[in-house]
Amino acid sequence: MNIEYRLMTIDDYDAMIDLWKNTPGVGLSGADERDKIDYFLEHNPGLSFVACDDRRVVGTSLTGNDGRRGYLHHVVVAEPYQGQGIGATLVEHSLEALRAAGIQKAHLFVIKDNLHGQRFWRNRGWHERVDLIMFSKDL
Ligand SMILES: CC(C)(COP(=O)(O)OP(=O)(O)OC[C@H]1O[C@@H](n2cnc3c(N)ncnc32)[C@H](O)[C@@H]1OP(=O)(O)O)[C@@H](O)C(=O)NCCC(=O)NCCS
């Protein structure tokens, strides 16, 4: 299989939302609507990647930074393509881009019952923050 990795663009949106909706373990919200993803990509150029098999999007890493820390969202690989190193490669592309932007630490959120996802991050050197609790507020 010849997987191509390239920067994500808003033109990938339809394929990405389809992938996210159809992959267990992915949480979606209003922040994933087309205009919000467009805004996100515009404000975080060069950090988000897709993996393609013959131009079909089979993996994503939606990545941003706030000038201090990096944030990885929607690291997702289509089920038939999992377990072949695509997720790890997407993450490496995003981390390399964050490093190049001068960012020294990255965070991500995993749904509590997504044990497979948690194992993926632990096995790649990420550690769970048991010293922090996430607070959110609707604006
Ligand atoms: C989590 C997820 C992104 C991982 O993507 P992936 O492409 O399957 O990940 P990789 O193939 O890089 O790594 C998965 C495992 O396959 C193994 N692997 C990598 N290349 C391999 C190969 N060529 N042959 C066999 N196994 C391989 C890796 O060692 C890894 O095992 P480990 O985690 O026990 O170390 C994917 O399972 C997914 O999309 N899950 C649903 C969404 C989700 O949970 N996202 C993360 C939460 S934010």
# chains A, B, ... in the order shown; residues from 1 in each chain; ligands from 1
$ closest_atom_pairs --of "chain A" --to "ligand 1" --cutoff "10 Å" --atoms "only C-alpha atoms and all ligand atoms" --output "CSV"
residue,atom,partner,partner_atom_place_in_ligand_line,distance
A:Leu19,CA,ligand 1,39 (O),9.2
A:Trp20,CA,ligand 1,42 (C),7.9
A:Asn22,CA,ligand 1,41 (C),9.5
A:Thr23,CA,ligand 1,41 (C),5.8
A:Pro24,CA,ligand 1,41 (C),5.7
A:Gly25,CA,ligand 1,44 (O),4.5
A:Val26,CA,ligand 1,42 (C),5.2
A:Gly27,CA,ligand 1,48 (S),8.6
A:Ala51,CA,ligand 1,7 (O),9.7
A:Val58,CA,ligand 1,39 (O),9.4
A:Gly59,CA,ligand 1,39 (O),7.4
A:Thr60,CA,ligand 1,3 (C),8.3
A:Ser61,CA,ligand 1,3 (C),8.6
A:Leu72,CA,ligand 1,48 (S),7.7
A:His73,CA,ligand 1,48 (S),6.2
A:His74,CA,ligand 1,48 (S),5.5
A:Val75,CA,ligand 1,45 (N),5.0
A:Val76,CA,ligand 1,39 (O),3.4
A:Val77,CA,ligand 1,39 (O),3.7
A:Ala78,CA,ligand 1,39 (O),6.0
A:Glu79,CA,ligand 1,39 (O),6.8
A:Pro80,CA,ligand 1,8 (O),8.9
A:Tyr81,CA,ligand 1,7 (O),6.4
A:Gln82,CA,ligand 1,8 (O),3.3
A:Gly83,CA,ligand 1,11 (O),3.2
A:Gln84,CA,ligand 1,21 (C),3.7
A:Gly85,CA,ligand 1,12 (O),3.1
A:Ile86,CA,ligand 1,7 (O),3.9
A:Gly87,CA,ligand 1,7 (O),3.4
A:Ala88,CA,ligand 1,12 (O),3.6
A:Thr89,CA,ligand 1,12 (O),6.3
A:Leu90,CA,ligand 1,12 (O),8.1
A:Val91,CA,ligand 1,12 (O),8.5
A:Glu92,CA,ligand 1,12 (O),9.8
A:Leu108,CA,ligand 1,48 (S),6.9
A:Phe109,CA,ligand 1,48 (S),6.1
A:Val110,CA,ligand 1,48 (S),4.9
A:Ile111,CA,ligand 1,47 (C),7.2
A:Lys112,CA,ligand 1,47 (C),9.9
A:Asp113,CA,ligand 1,44 (O),9.8
A:Asn114,CA,ligand 1,44 (O),6.2
A:Leu115,CA,ligand 1,44 (O),8.1
A:His116,CA,ligand 1,44 (O),6.4
A:Gly117,CA,ligand 1,44 (O),4.0
A:Gln118,CA,ligand 1,47 (C),6.9
A:Arg119,CA,ligand 1,33 (O),5.9
A:Phe120,CA,ligand 1,33 (O),4.0
A:Trp121,CA,ligand 1,33 (O),7.3
A:Arg122,CA,ligand 1,33 (O),7.8
A:Asn123,CA,ligand 1,35 (O),5.0
A:Arg124,CA,ligand 1,35 (O),6.9
$ residues_around --residues "Thr63 (chain A)" --least-positions-apart "6" --cutoff "8 Å" --atoms "only C-alpha atoms" --output "short mmCIF file (atom, residue, chain, number, x, y, z; two decimals) with N, CA and C atoms, in the first residue's frame"
data_model
loop_
_atom_site.label_atom_id
_atom_site.label_comp_id
_atom_site.auth_asym_id
_atom_site.auth_seq_id
_atom_site.Cartn_x
_atom_site.Cartn_y
_atom_site.Cartn_z
N ASN A 44 -4.04 28.03 11.73
CA ASN A 44 -2.97 27.09 12.12
C ASN A 44 -2.33 26.50 10.88
N LEU A 47 0.17 22.71 9.98
CA LEU A 47 0.28 21.80 11.13
C LEU A 47 -0.57 20.53 11.01
N SER A 48 -1.60 20.58 10.17
CA SER A 48 -2.55 19.46 10.09
C SER A 48 -2.29 18.64 8.82
N GLY A 70 0.91 23.10 21.76
CA GLY A 70 0.26 22.49 20.60
C GLY A 70 -0.92 21.65 21.05
N TYR A 71 -1.89 21.47 20.18
CA TYR A 71 -3.07 20.65 20.47
C TYR A 71 -3.37 19.75 19.29
N LEU A 72 -3.45 18.46 19.57
CA LEU A 72 -3.81 17.50 18.53
C LEU A 72 -5.27 17.11 18.68
N HIS A 73 -6.01 17.20 17.58
CA HIS A 73 -7.41 16.80 17.58
C HIS A 73 -7.61 15.81 16.42
N SER A 94 2.75 16.04 12.45
CA SER A 94 2.21 17.19 13.18
C SER A 94 3.17 17.65 14.26
#
$ closest_residue --among "A:Glu128, A:Asp12, A:Asp66, A:Glu4" --to "Arg34 (chain A)" --atoms "only C-alpha atoms"
A:Asp12
$ atom_distance --atom1 "CA of Phe40 (chain A)" --atom2 "CA of Asp138 (chain A)"
18.1 Å
$ atom_distance --atom1 "CA of Arg55 (chain A)" --atom2 "CA of Thr9 (chain A)"
13.1 Å
